[in-house]
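Structure below is coords01.txt: compact mmCIF, C-alpha atoms and all ligand atoms.
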```txt
# COMPACT_ATOMS: atom_id res chain seq x y z
CA MET A 1 -0.68 -6.01 -23.44
CA LYS A 2 -2.55 -4.14 -20.69
CA LYS A 3 0.49 -1.93 -20.12
CA GLU A 4 0.44 -0.84 -23.77
CA TYR A 5 -3.27 -0.10 -23.45
CA PHE A 6 -2.69 2.08 -20.37
CA GLU A 7 0.28 3.86 -21.95
CA LYS A 8 -1.91 4.87 -24.87
CA LYS A 9 -4.87 5.78 -22.70
CA PHE A 10 -2.90 8.12 -20.45
CA LYS A 11 -0.56 9.54 -23.12
CA SER A 12 -1.83 13.12 -22.83
CA LEU A 13 -1.49 13.22 -19.07
CA THR A 14 0.75 15.53 -17.03
CA GLY A 15 2.06 14.44 -13.61
CA ARG A 16 4.09 11.29 -13.17
CA ILE A 17 2.52 8.02 -14.19
CA TYR A 18 4.12 4.58 -13.92
CA PHE A 19 2.89 1.17 -15.06
CA ASP A 20 3.58 -2.15 -13.39
CA HIS A 21 5.32 -0.27 -10.59
CA SER A 22 6.71 -1.84 -7.41
CA ILE A 23 4.78 -1.05 -4.21
CA LYS A 24 7.49 -2.27 -1.83
CA LYS A 25 9.31 1.03 -1.42
CA LEU A 26 6.04 2.96 -1.05
CA ASN A 27 5.14 1.61 2.37
CA TRP A 28 6.73 1.31 5.79
CA PHE A 29 6.46 -2.48 5.89
CA ASN A 30 8.41 -2.73 2.61
CA ILE A 31 5.95 -5.37 1.48
CA GLY A 32 3.88 -5.77 -1.67
CA GLY A 33 3.92 -6.69 -5.34
CA ASN A 34 3.42 -4.31 -8.24
CA THR A 35 0.57 -1.97 -9.05
CA GLU A 36 -0.85 -1.78 -12.57
CA ILE A 37 -0.91 2.02 -12.41
CA TYR A 38 0.87 4.41 -10.05
CA TYR A 39 0.00 8.07 -10.47
CA LYS A 40 1.54 11.10 -8.77
CA PRO A 41 -0.37 14.27 -9.68
CA ASP A 42 1.50 17.51 -9.01
CA THR A 43 -1.60 19.71 -9.20
CA LEU A 44 -5.34 19.50 -8.73
CA GLN A 45 -5.73 20.05 -12.48
CA ASP A 46 -3.55 16.95 -13.15
CA LEU A 47 -5.70 14.93 -10.79
CA ILE A 48 -8.99 16.07 -12.34
CA GLU A 49 -7.68 15.20 -15.81
CA PHE A 50 -6.56 11.78 -14.58
CA LEU A 51 -9.91 11.02 -12.95
CA LYS A 52 -11.68 11.89 -16.21
CA LEU A 53 -9.46 9.49 -18.15
CA SER A 54 -9.74 6.68 -15.62
CA LYS A 55 -13.52 6.63 -15.21
CA ASP A 56 -13.67 2.98 -16.32
CA ILE A 57 -11.14 1.80 -13.70
CA ASN A 58 -12.95 1.29 -10.42
CA ASN A 59 -10.25 -0.13 -8.21
CA PHE A 60 -8.20 2.76 -6.89
CA PHE A 61 -6.34 3.38 -3.67
CA VAL A 62 -5.02 6.68 -2.30
CA LEU A 63 -1.71 6.30 -0.56
CA GLY A 64 -0.30 8.69 2.04
CA ALA A 65 3.06 7.95 3.64
CA GLY A 66 2.22 4.22 3.63
CA SER A 67 2.73 3.95 7.40
CA ASN A 68 -0.49 2.06 8.11
CA VAL A 69 -0.97 -0.21 5.11
CA LEU A 70 -0.19 -3.80 4.20
CA PHE A 71 -0.19 -4.68 0.50
CA LYS A 72 -0.47 -8.13 -1.05
CA ASP A 73 2.37 -9.83 -2.89
CA ASP A 74 0.28 -10.16 -6.08
CA LEU A 75 -0.35 -7.52 -8.69
CA PHE A 76 -2.63 -4.70 -7.50
CA GLU A 77 -5.12 -4.56 -10.35
CA GLY A 78 -5.98 -0.90 -10.37
CA ILE A 79 -4.59 2.53 -9.59
CA ILE A 80 -2.54 3.76 -6.67
CA ILE A 81 -2.62 7.55 -6.40
CA LYS A 82 -0.09 9.46 -4.33
CA LEU A 83 -0.61 13.20 -4.09
CA ASN A 84 2.51 15.20 -4.77
CA LYS A 85 3.87 18.77 -4.90
CA ASN A 86 0.88 21.16 -4.69
CA PHE A 87 -0.74 18.98 -2.07
CA SER A 88 2.20 19.53 0.29
CA ARG A 89 1.53 23.22 0.92
CA ILE A 90 0.85 24.62 4.32
CA SER A 91 -0.27 28.11 5.33
CA LEU A 92 -1.55 30.14 8.25
CA LEU A 93 -5.05 31.36 7.44
CA ASN A 94 -5.36 33.61 10.46
CA GLN A 95 -4.00 33.69 14.02
CA ASP A 96 -5.25 30.23 15.01
CA THR A 97 -6.13 28.47 11.77
CA ILE A 98 -3.89 26.41 9.48
CA VAL A 99 -4.67 25.00 6.04
CA ALA A 100 -2.53 22.02 5.03
CA GLY A 101 -2.43 19.93 1.86
CA SER A 102 -3.23 16.28 2.45
CA ALA A 103 0.31 15.18 1.50
CA VAL A 104 1.84 17.29 4.30
CA LEU A 105 3.49 15.10 6.93
CA ASP A 106 1.94 15.22 10.41
CA LYS A 107 5.27 16.22 11.95
CA THR A 108 5.58 19.12 9.44
CA LEU A 109 2.18 20.41 10.54
CA SER A 110 3.21 20.05 14.19
CA GLU A 111 6.44 21.98 13.52
CA PHE A 112 4.59 24.69 11.55
CA ALA A 113 2.08 25.14 14.39
CA LYS A 114 4.93 25.41 16.91
CA GLU A 115 6.70 28.06 14.78
CA ASN A 116 3.44 30.04 14.83
CA SER A 117 2.98 29.51 18.59
CA LEU A 118 -0.16 27.43 18.10
CA SER A 119 -0.80 24.62 20.56
CA GLY A 120 -2.94 21.50 20.09
CA PHE A 121 -0.78 20.00 17.31
CA GLU A 122 2.01 18.62 19.51
CA PHE A 123 0.84 14.99 19.31
CA LEU A 124 1.25 15.03 15.53
CA SER A 125 5.02 15.05 15.96
CA CYS A 126 4.73 11.37 17.01
CA ILE A 127 2.73 10.05 14.04
CA PRO A 128 4.72 9.22 10.88
CA GLY A 129 1.83 9.71 8.42
CA THR A 130 0.33 12.44 6.27
CA ILE A 131 -2.73 14.64 6.82
CA GLY A 132 -4.75 12.48 4.37
CA GLY A 133 -3.98 9.26 6.24
CA GLY A 134 -4.55 10.93 9.59
CA ILE A 135 -8.05 12.04 8.64
CA ARG A 136 -9.01 8.63 7.22
CA MET A 137 -7.72 6.84 10.34
CA ASN A 138 -8.57 9.58 12.87
CA SER A 139 -5.02 8.96 14.02
CA GLY A 140 -3.94 9.99 17.46
CA CYS A 141 -1.81 9.42 20.53
CA PHE A 142 -1.47 10.59 24.11
CA GLY A 143 -5.20 11.26 24.34
CA ARG A 144 -5.49 13.48 21.26
CA GLU A 145 -6.87 12.65 17.81
CA PHE A 146 -7.24 14.37 14.44
CA LYS A 147 -10.90 15.11 15.15
CA ASP A 148 -9.87 17.39 18.05
CA ILE A 149 -8.17 19.94 15.76
CA LEU A 150 -9.95 19.45 12.44
CA VAL A 151 -12.28 22.19 11.16
CA SER A 152 -13.03 20.87 7.67
CA VAL A 153 -11.76 18.63 4.88
CA GLN A 154 -11.60 19.50 1.19
CA ALA A 155 -12.02 16.44 -0.99
CA ILE A 156 -12.67 15.31 -4.54
CA LYS A 157 -14.97 12.51 -5.63
CA LYS A 158 -13.98 10.06 -8.35
CA SER A 159 -16.59 11.88 -10.51
CA GLY A 160 -14.49 15.05 -10.20
CA GLU A 161 -16.87 16.89 -7.85
CA ILE A 162 -15.04 18.91 -5.20
CA LEU A 163 -16.54 19.35 -1.74
CA THR A 164 -15.79 20.87 1.63
CA ILE A 165 -16.95 18.78 4.57
CA PRO A 166 -17.19 20.42 7.99
CA SER A 167 -15.72 18.33 10.78
CA GLU A 168 -19.05 18.26 12.67
CA ASP A 169 -20.62 16.40 9.72
CA ILE A 170 -18.05 13.60 10.01
CA ASP A 171 -18.57 10.70 12.37
CA PHE A 172 -15.13 9.96 13.81
CA GLY A 173 -14.49 6.75 15.73
CA TYR A 174 -11.45 5.01 17.18
CA ARG A 175 -9.03 4.93 14.22
CA ASN A 176 -11.72 5.44 11.62
CA CYS A 177 -14.19 7.88 10.12
CA ASN A 178 -17.34 7.45 8.07
CA LEU A 179 -16.24 9.44 5.00
CA PRO A 180 -16.90 7.46 1.80
CA LYS A 181 -13.97 5.29 0.70
CA ASP A 182 -13.93 6.80 -2.80
CA LEU A 183 -13.13 10.32 -1.56
CA ILE A 184 -9.66 11.71 -2.14
CA PHE A 185 -8.79 14.25 0.53
CA LEU A 186 -7.08 17.29 -0.94
CA SER A 187 -6.45 19.50 2.06
CA ALA A 188 -7.74 20.23 5.52
CA THR A 189 -8.29 23.18 7.80
CA PHE A 190 -7.23 22.96 11.45
CA LYS A 191 -7.71 25.14 14.48
CA GLY A 192 -5.35 25.47 17.43
CA LYS A 193 -4.95 27.71 20.46
CA LYS A 194 -2.53 30.61 20.72
CA GLY A 195 0.18 29.44 23.12
CA ASN A 196 3.76 29.81 24.23
CA LYS A 197 6.37 28.59 21.72
CA GLU A 198 8.85 27.32 24.34
CA LYS A 199 6.10 25.40 26.14
CA ILE A 200 4.91 23.85 22.87
CA GLU A 201 8.47 22.86 22.00
CA LYS A 202 8.95 21.22 25.40
CA GLU A 203 5.67 19.32 25.05
CA ILE A 204 6.79 17.99 21.64
CA ILE A 205 10.13 16.82 23.04
CA ASP A 206 8.40 15.14 26.02
CA LEU A 207 5.90 13.29 23.81
CA LYS A 208 8.61 12.14 21.38
CA THR A 209 10.72 10.85 24.27
CA LYS A 210 7.75 8.92 25.71
CA LYS A 211 6.99 7.46 22.29
CA ASP A 212 10.60 6.42 21.62
CA GLN A 213 10.75 4.70 25.01
CA ALA A 214 7.63 2.62 24.36
CA GLN A 215 7.77 1.83 20.64
CA PRO A 216 10.40 0.65 18.16
CA THR A 217 12.00 3.18 15.83
CA ARG A 218 13.78 2.73 12.48
CA VAL A 219 12.14 -0.63 11.74
CA LYS A 220 9.91 -1.82 8.91
CA THR A 221 6.50 -1.75 10.57
CA GLY A 222 2.96 -0.51 10.13
CA GLY A 223 2.63 0.78 13.70
CA SER A 224 -0.14 -0.70 15.85
CA THR A 225 -1.38 -3.86 14.17
CA PHE A 226 -4.60 -4.26 16.17
CA LYS A 227 -6.89 -1.75 17.87
CA ASN A 228 -7.21 -1.70 21.65
CA PRO A 229 -10.33 -3.81 22.34
CA THR A 230 -11.79 -1.12 24.61
CA GLU A 231 -15.23 -2.71 24.84
CA GLN A 232 -13.91 -6.17 25.74
CA SER A 233 -11.05 -5.37 28.07
CA THR A 234 -9.46 -2.59 30.13
CA LYS A 235 -6.05 -3.96 29.15
CA LYS A 236 -4.09 -2.47 26.26
CA VAL A 237 -3.79 -4.71 23.22
CA TRP A 238 0.01 -5.03 23.57
CA GLU A 239 -0.50 -6.49 27.07
CA ILE A 240 -3.13 -8.93 25.81
CA ILE A 241 -0.83 -10.10 23.00
CA LYS A 242 2.14 -10.34 25.39
CA ASP A 243 0.07 -12.59 27.70
CA SER A 244 -1.17 -14.82 24.86
CA VAL A 245 1.69 -15.28 22.39
CA SER A 246 5.41 -15.97 22.62
CA LYS A 247 7.46 -13.01 21.36
CA ASP A 248 9.73 -15.43 19.49
CA ILE A 249 7.05 -16.43 17.03
CA GLN A 250 8.20 -15.81 13.46
CA PHE A 251 6.87 -16.54 9.98
CA GLY A 252 9.58 -15.98 7.38
CA ASP A 253 10.91 -12.52 8.28
CA ALA A 254 7.65 -11.41 9.91
CA THR A 255 8.14 -10.98 13.67
CA ILE A 256 6.78 -9.24 16.76
CA SER A 257 8.77 -6.24 17.99
CA GLU A 258 10.80 -6.88 21.15
CA LYS A 259 9.81 -3.45 22.41
CA HIS A 260 6.08 -3.45 21.70
CA SER A 261 3.97 -6.58 21.19
CA ASN A 262 1.42 -4.83 18.96
CA PHE A 263 4.09 -3.67 16.47
CA PHE A 264 4.80 -6.36 13.88
CA VAL A 265 8.08 -6.04 12.04
CA ASN A 266 9.50 -7.07 8.69
CA LYS A 267 13.01 -8.13 9.71
CA GLY A 268 14.22 -8.29 6.14
CA ASN A 269 12.35 -9.89 3.32
CA ALA A 270 8.95 -10.73 4.77
CA SER A 271 6.15 -11.20 2.26
CA TYR A 272 2.49 -10.34 2.70
CA LYS A 273 1.85 -14.04 3.24
CA ASP A 274 4.36 -14.15 6.15
CA MET A 275 2.89 -11.04 7.78
CA LYS A 276 -0.68 -12.25 7.30
CA ARG A 277 0.20 -15.61 8.88
CA LEU A 278 1.62 -13.77 11.89
CA ILE A 279 -1.51 -11.57 12.14
CA ASP A 280 -3.83 -14.60 11.91
CA TYR A 281 -1.73 -16.56 14.40
CA VAL A 282 -1.83 -13.77 17.00
CA LYS A 283 -5.56 -13.16 16.48
CA LYS A 284 -6.35 -16.86 16.87
CA ASN A 285 -4.20 -17.34 19.96
CA VAL A 286 -5.51 -14.20 21.69
CA LYS A 287 -9.05 -15.46 21.09
CA LYS A 288 -8.14 -18.90 22.44
CA LYS A 289 -6.37 -17.58 25.53
CA SER A 290 -8.55 -14.59 26.47
CA GLY A 291 -11.77 -14.87 24.45
CA ILE A 292 -11.06 -11.41 22.99
CA ASN A 293 -11.73 -10.70 19.33
CA LEU A 294 -9.06 -8.37 17.97
CA ASP A 295 -9.80 -5.94 15.13
CA LEU A 296 -7.10 -4.82 12.74
CA GLU A 297 -5.92 -1.21 12.86
CA ILE A 298 -3.61 -1.50 9.85
CA VAL A 299 -5.32 -1.36 6.46
CA LEU A 300 -5.09 -4.52 4.33
CA VAL A 301 -5.16 -3.44 0.70
CA GLU A 302 -7.00 -5.95 -1.47
C1 LIG B 1 6.36 3.63 13.68
C2 LIG B 1 4.89 3.96 13.57
C3 LIG B 1 4.26 4.61 14.61
C4 LIG B 1 2.88 4.91 14.52
N1 LIG B 1 2.29 5.55 15.56
C5 LIG B 1 0.98 5.88 15.48
C6 LIG B 1 0.32 6.57 16.55
O1 LIG B 1 0.91 6.91 17.56
N2 LIG B 1 -1.00 6.84 16.41
C7 LIG B 1 -1.71 6.49 15.29
O2 LIG B 1 -2.92 6.77 15.23
N3 LIG B 1 -1.11 5.85 14.27
C8 LIG B 1 0.20 5.53 14.33
N4 LIG B 1 0.80 4.88 13.28
C9 LIG B 1 0.01 4.52 12.09
C10 LIG B 1 0.03 5.58 10.97
O3 LIG B 1 1.19 6.38 11.06
C11 LIG B 1 -1.22 6.48 10.99
O4 LIG B 1 -2.39 5.74 10.82
C12 LIG B 1 -1.13 7.55 9.89
O5 LIG B 1 -2.08 8.55 10.10
C13 LIG B 1 -1.32 6.97 8.49
O6 LIG B 1 -1.03 7.99 7.57
P1 LIG B 1 -0.39 7.66 6.14
O7 LIG B 1 -0.27 8.95 5.41
O8 LIG B 1 0.85 6.88 6.28
O9 LIG B 1 -1.55 6.79 5.50
P2 LIG B 1 -1.43 5.44 4.68
O10 LIG B 1 -0.85 4.38 5.56
O11 LIG B 1 -0.74 5.70 3.39
O12 LIG B 1 -2.97 5.13 4.42
C14 LIG B 1 -3.83 4.88 5.51
C15 LIG B 1 -5.29 5.08 5.04
O13 LIG B 1 -5.50 6.46 4.74
C16 LIG B 1 -6.00 6.59 3.41
N5 LIG B 1 -5.48 7.86 2.84
C17 LIG B 1 -4.21 8.32 2.87
N6 LIG B 1 -4.14 9.52 2.25
C18 LIG B 1 -5.39 9.80 1.80
C19 LIG B 1 -5.97 10.88 1.07
N7 LIG B 1 -5.27 11.94 0.66
N8 LIG B 1 -7.30 10.82 0.76
C20 LIG B 1 -8.06 9.76 1.15
N9 LIG B 1 -7.57 8.71 1.86
C21 LIG B 1 -6.25 8.74 2.18
C22 LIG B 1 -5.49 5.36 2.67
O14 LIG B 1 -6.26 5.10 1.52
C23 LIG B 1 -5.62 4.30 3.76
O15 LIG B 1 -6.95 3.85 3.84
C24 LIG B 1 2.17 4.56 13.36
C25 LIG B 1 2.83 3.92 12.29
C26 LIG B 1 4.17 3.62 12.39
C27 LIG B 1 4.86 2.96 11.23
```
Now, as a test, write the supplied structure out as C-alpha cells.
Ligand SMILES: Cc1cc2nc3c(=O)[nH]c(=O)nc-3n(C[C@H](O)[C@H](O)[C@H](O)COP(=O)(O)OP(=O)(O)OC[C@H]3O[C@@H](n4cnc5c(N)ncnc54)[C@H](O)[C@@H]3O)c2cc1C
Amino acid sequence: MKKEYFEKKFKSLTGRIYFDHSIKKLNWFNIGGNTEIYYKPDTLQDLIEFLKLSKDINNFFVLGAGSNVLFKDDLFEGIIIKLNKNFSRISLLNQDTIVAGSAVLDKTLSEFAKENSLSGFEFLSCIPGTIGGGIRMNSGCFGREFKDILVSVQAIKKSGEILTIPSEDIDFGYRNCNLPKDLIFLSATFKGKKGNKEKIEKEIIDLKTKKDQAQPTRVKTGGSTFKNPTEQSTKKVWEIIKDSVSKDIQFGDATISEKHSNFFVNKGNASYKDMKRLIDYVKKNVKKKSGINLDLEIVLVE
C-alpha cells in the first residue's frame, strides 16, 4: 500500500529510486532490514528535485560507504540517500587545494593528492569511508584527522538551501562534529602541502602496513566500535576491552576480532540483535571491571 503511494509520488523523478530495498549489502557489517525508500541521485539537480518531493518525510539518513554504521533488522521507515555519480568528482583547484565530491572514497583522495605531490592526505589511505562520512565523524588515524586538512564543506539543507561552511566555523571533536544532522554534505575543499611524491608514497605504504598489522582486514566490521575513553583512562579502548571480556564471547554470529578487541565482526549471518547484545555485554562488563563508561563510535541507525 505504502509502496504504491511512494511509486506514484516519485514517478517524475530522475536518479535511481528503490522501494522496500535491502540495507544489508549497503554496509560493511552486512546487517540490517529493508528501507522504505532508497534514493541514489546522480546530480545535484536530481537531489534538489527529490528533496522537494519528499518534504513530508522527516526520517532520512545519508549513507556514505557504510563503514561506520549499524542498521536495525526491522524496516527503516524513511529514506536512505546515497550520493552517486556527480558527487564522486575530484579536482585540483590550484597547487595545494583539492575539491572532492562527498561520495569520493578517502583512499581515492589520498591517491589523487599523492599523484599531485600534495602531502597531508596520507592517513586517508587507511580509512575505508567516503569524504561525507569522514567529515561527519571527523575520522582519523595516526594522529591526523579530517579537520587538519579541511578548508570548507558545501552542503544542502533538507529545505533545498545550499551553503558553504568554512572549517573554522565547525566545532570538531573526537569522531564527531557539530554540523546539524539534517545537512547533506555535497563536496569539500581540502588544503595540503607541496611535497615529494616518492616520500608521500612511502608514507602511505608505511601507514597501510602498520594498519594491516594491528587491525583485521577483509571482514564484516564497522571498524572501532567504541571511542577511546581519553578522559577516563590513558589506556586504549582495545586494551580495556581485552582486560575485561573474554575474546571468545559470541552472540549468534557476532564476535570480537581476534586481532583487535575493539573491532566487532559479523562472522556470517549476525543480526542487529546479535551485534547489539555483544555491544551491550562488552559495555556492561567493562563498566563492572574497570568503572569506565564506554561511548559508541559506530553510528546506530534508528
Ligand atoms: C575496517 C575499518 C577500518 C576503519 N578504520 C578507521 C580509522 O582508522 N579511523 C577512523 O576514524 N575510522 C575508521 N573506520 C570507520 C569509518 O571508516 C569512518 O568513520 C568513515 O569516515 C565513515 O565513512 P562512510 O562513508 O563509510 O560513512 P558511513 O558509515 O556511511 O556514515 C557515517 C556517518 O556519516 C554520515 N554521512 C555519510 N555521508 C554523508 C554525507 N554526504 N552528508 C552527511 N552525512 C554523511 C552518515 O549519515 C553517518 O552519520 C574504519 C571502519 C572499518 C570498517
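Distances from A:Lys210, A:Lys181, A:Lys2, A:Lys114 to ligand LIG 1 (chain B) were compared using only C-alpha atoms and all ligand atoms, and the smallest one belongs to A:Lys181.
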Please provide the set of residues having any atom within 12 Å of Ser257 of chain A, restricted to only C-alpha atoms, with same-chain residues fewer than 3 positions apart removed, written as an MDAnalysis selection string. chainID A and resid 214:225 238 241:242 246:250 253:254 260:267
With only C-alpha atoms and all ligand atoms counted and 8 Å as the cut-off, give the residues of chain A in contact with ligand LIG 1 (chain B), each with its shortest interatomic distance in Å and the pair that gives it, as a Markdown table.
```
| residue | atom | partner | partner_atom | distance |
| --- | --- | --- | --- | --- |
| A:Asn27 | CA | B:LIG1 | O11 | 7.2 |
| A:Trp28 | CA | B:LIG1 | C27 | 6.0 |
| A:Phe29 | CA | B:LIG1 | C27 | 7.8 |
| A:Phe61 | CA | B:LIG1 | O14 | 5.5 |
| A:Val62 | CA | B:LIG1 | O14 | 4.3 |
| A:Leu63 | CA | B:LIG1 | O11 | 4.1 |
| A:Gly64 | CA | B:LIG1 | O11 | 3.3 |
| A:Ala65 | CA | B:LIG1 | O8 | 3.6 |
| A:Gly66 | CA | B:LIG1 | O11 | 3.3 |
| A:Ser67 | CA | B:LIG1 | O8 | 3.7 |
| A:Asn68 | CA | B:LIG1 | O10 | 3.5 |
| A:Val69 | CA | B:LIG1 | O10 | 4.6 |
| A:Lys82 | CA | B:LIG1 | N7 | 7.6 |
| A:Leu83 | CA | B:LIG1 | N7 | 6.8 |
| A:Ser102 | CA | B:LIG1 | N7 | 5.1 |
| A:Ala103 | CA | B:LIG1 | N7 | 6.5 |
| A:Leu105 | CA | B:LIG1 | O7 | 7.4 |
| A:Asp106 | CA | B:LIG1 | O5 | 7.8 |
| A:Cys126 | CA | B:LIG1 | O1 | 5.9 |
| A:Ile127 | CA | B:LIG1 | C5 | 4.7 |
| A:Pro128 | CA | B:LIG1 | O3 | 4.5 |
| A:Gly129 | CA | B:LIG1 | O6 | 3.4 |
| A:Thr130 | CA | B:LIG1 | O7 | 3.6 |
| A:Ile131 | CA | B:LIG1 | O7 | 6.4 |
| A:Gly132 | CA | B:LIG1 | N6 | 3.7 |
| A:Gly133 | CA | B:LIG1 | O6 | 3.5 |
| A:Gly134 | CA | B:LIG1 | O5 | 3.5 |
| A:Ile135 | CA | B:LIG1 | O5 | 7.1 |
| A:Arg136 | CA | B:LIG1 | O13 | 4.8 |
| A:Met137 | CA | B:LIG1 | O4 | 5.5 |
| A:Asn138 | CA | B:LIG1 | O2 | 6.7 |
| A:Ser139 | CA | B:LIG1 | O2 | 3.3 |
| A:Gly140 | CA | B:LIG1 | O2 | 4.0 |
| A:Cys141 | CA | B:LIG1 | O1 | 4.7 |
| A:Phe142 | CA | B:LIG1 | O1 | 7.9 |
| A:Glu145 | CA | B:LIG1 | O2 | 7.5 |
| A:Ala155 | CA | B:LIG1 | N8 | 7.5 |
| A:Arg175 | CA | B:LIG1 | O2 | 6.5 |
| A:Lys181 | CA | B:LIG1 | N9 | 7.3 |
| A:Asp182 | CA | B:LIG1 | C20 | 7.7 |
| A:Leu183 | CA | B:LIG1 | C20 | 5.8 |
| A:Ile184 | CA | B:LIG1 | N8 | 3.8 |
| A:Phe185 | CA | B:LIG1 | N8 | 3.7 |
| A:Leu186 | CA | B:LIG1 | N7 | 5.9 |
| A:Ser187 | CA | B:LIG1 | N7 | 7.8 |
| A:Lys211 | CA | B:LIG1 | O1 | 7.7 |
| A:Gln215 | CA | B:LIG1 | C1 | 7.3 |
| A:Pro216 | CA | B:LIG1 | C1 | 6.7 |
| A:Thr217 | CA | B:LIG1 | C1 | 6.1 |
| A:Arg218 | CA | B:LIG1 | C1 | 7.6 |
| A:Val219 | CA | B:LIG1 | C1 | 7.4 |
| A:Lys220 | CA | B:LIG1 | C27 | 7.3 |
| A:Thr221 | CA | B:LIG1 | C27 | 5.0 |
| A:Gly222 | CA | B:LIG1 | C27 | 4.1 |
| A:Gly223 | CA | B:LIG1 | C25 | 3.4 |
| A:Ser224 | CA | B:LIG1 | N4 | 6.2 |
| A:Ile298 | CA | B:LIG1 | C9 | 7.4 |
| A:Val299 | CA | B:LIG1 | O15 | 6.1 |
```
Please measure the separation of atom CA of Lys191 of chain A and atom CA of Ile170 of chain A, giving the value in Å to one decimal. 16.1 Å
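In terms of minimum interatomic distance to Arg16 of chain A, A:Asp46 ranks closest within A:Ser119, A:Lys107, A:Lys3, A:Asp46, counting all atoms listed in the file.
Closest to Lys9 of chain A among A:Glu115, A:Asp42, A:Asp56, A:Asp96 is A:Asp56, based on only C-alpha atoms.
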Segment 78-97 of chain A rebuilt with N, CA and C atoms, output as a PDB file, in the coordinates of the input:
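The resulting out-v7.pdb:
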```pdb
ATOM      1  N   GLY A  78      -5.295  -2.186 -10.473  1.00  0.00           N
ATOM      2  CA  GLY A  78      -5.980  -0.900 -10.370  1.00  0.00           C
ATOM      3  C   GLY A  78      -4.968   0.229 -10.287  1.00  0.00           C
ATOM      4  N   ILE A  79      -5.401   1.309  -9.629  1.00  0.00           N
ATOM      5  CA  ILE A  79      -4.590   2.530  -9.590  1.00  0.00           C
ATOM      6  C   ILE A  79      -4.197   2.858  -8.144  1.00  0.00           C
ATOM      7  N   ILE A  80      -2.938   3.168  -7.945  1.00  0.00           N
ATOM      8  CA  ILE A  80      -2.540   3.760  -6.670  1.00  0.00           C
ATOM      9  C   ILE A  80      -2.195   5.225  -6.945  1.00  0.00           C
ATOM     10  N   ILE A  81      -2.850   6.106  -6.211  1.00  0.00           N
ATOM     11  CA  ILE A  81      -2.620   7.550  -6.400  1.00  0.00           C
ATOM     12  C   ILE A  81      -1.867   8.071  -5.187  1.00  0.00           C
ATOM     13  N   LYS A  82      -0.799   8.813  -5.449  1.00  0.00           N
ATOM     14  CA  LYS A  82      -0.090   9.460  -4.330  1.00  0.00           C
ATOM     15  C   LYS A  82       0.020  10.949  -4.653  1.00  0.00           C
ATOM     16  N   LEU A  83      -0.605  11.764  -3.826  1.00  0.00           N
ATOM     17  CA  LEU A  83      -0.610  13.200  -4.090  1.00  0.00           C
ATOM     18  C   LEU A  83       0.782  13.773  -3.864  1.00  0.00           C
ATOM     19  N   ASN A  84       1.135  14.712  -4.736  1.00  0.00           N
ATOM     20  CA  ASN A  84       2.510  15.200  -4.770  1.00  0.00           C
ATOM     21  C   ASN A  84       2.543  16.717  -4.520  1.00  0.00           C
ATOM     22  N   LYS A  85       3.528  17.348  -5.095  1.00  0.00           N
ATOM     23  CA  LYS A  85       3.870  18.770  -4.900  1.00  0.00           C
ATOM     24  C   LYS A  85       2.820  19.726  -4.306  1.00  0.00           C
ATOM     25  N   ASN A  86       1.814  20.113  -5.130  1.00  0.00           N
ATOM     26  CA  ASN A  86       0.880  21.160  -4.690  1.00  0.00           C
ATOM     27  C   ASN A  86       0.021  20.737  -3.501  1.00  0.00           C
ATOM     28  N   PHE A  87       0.051  19.472  -3.194  1.00  0.00           N
ATOM     29  CA  PHE A  87      -0.740  18.980  -2.070  1.00  0.00           C
ATOM     30  C   PHE A  87       0.104  18.964  -0.787  1.00  0.00           C
ATOM     31  N   SER A  88       1.307  19.515  -0.878  1.00  0.00           N
ATOM     32  CA  SER A  88       2.200  19.530   0.290  1.00  0.00           C
ATOM     33  C   SER A  88       2.351  20.941   0.840  1.00  0.00           C
ATOM     34  N   ARG A  89       1.420  21.831   0.465  1.00  0.00           N
ATOM     35  CA  ARG A  89       1.530  23.220   0.920  1.00  0.00           C
ATOM     36  C   ARG A  89       0.881  23.385   2.284  1.00  0.00           C
ATOM     37  N   ILE A  90       1.385  24.373   2.987  1.00  0.00           N
ATOM     38  CA  ILE A  90       0.850  24.620   4.320  1.00  0.00           C
ATOM     39  C   ILE A  90       0.854  26.127   4.568  1.00  0.00           C
ATOM     40  N   SER A  91      -0.238  26.671   5.095  1.00  0.00           N
ATOM     41  CA  SER A  91      -0.270  28.110   5.330  1.00  0.00           C
ATOM     42  C   SER A  91      -1.132  28.480   6.537  1.00  0.00           C
ATOM     43  N   LEU A  92      -0.796  29.630   7.099  1.00  0.00           N
ATOM     44  CA  LEU A  92      -1.550  30.140   8.250  1.00  0.00           C
ATOM     45  C   LEU A  92      -2.670  31.013   7.691  1.00  0.00           C
ATOM     46  N   LEU A  93      -3.908  30.635   8.002  1.00  0.00           N
ATOM     47  CA  LEU A  93      -5.050  31.360   7.440  1.00  0.00           C
ATOM     48  C   LEU A  93      -5.318  32.613   8.261  1.00  0.00           C
ATOM     49  N   ASN A  94      -5.342  32.464   9.556  1.00  0.00           N
ATOM     50  CA  ASN A  94      -5.360  33.610  10.460  1.00  0.00           C
ATOM     51  C   ASN A  94      -4.673  33.171  11.753  1.00  0.00           C
ATOM     52  N   GLN A  95      -4.771  33.931  12.781  1.00  0.00           N
ATOM     53  CA  GLN A  95      -4.000  33.690  14.020  1.00  0.00           C
ATOM     54  C   GLN A  95      -4.006  32.240  14.522  1.00  0.00           C
ATOM     55  N   ASP A  96      -5.176  31.568  14.409  1.00  0.00           N
ATOM     56  CA  ASP A  96      -5.250  30.230  15.010  1.00  0.00           C
ATOM     57  C   ASP A  96      -5.647  29.120  14.032  1.00  0.00           C
ATOM     58  N   THR A  97      -5.642  29.435  12.751  1.00  0.00           N
ATOM     59  CA  THR A  97      -6.130  28.470  11.770  1.00  0.00           C
ATOM     60  C   THR A  97      -5.077  28.165  10.706  1.00  0.00           C
TER      61      THR A  97
END
```
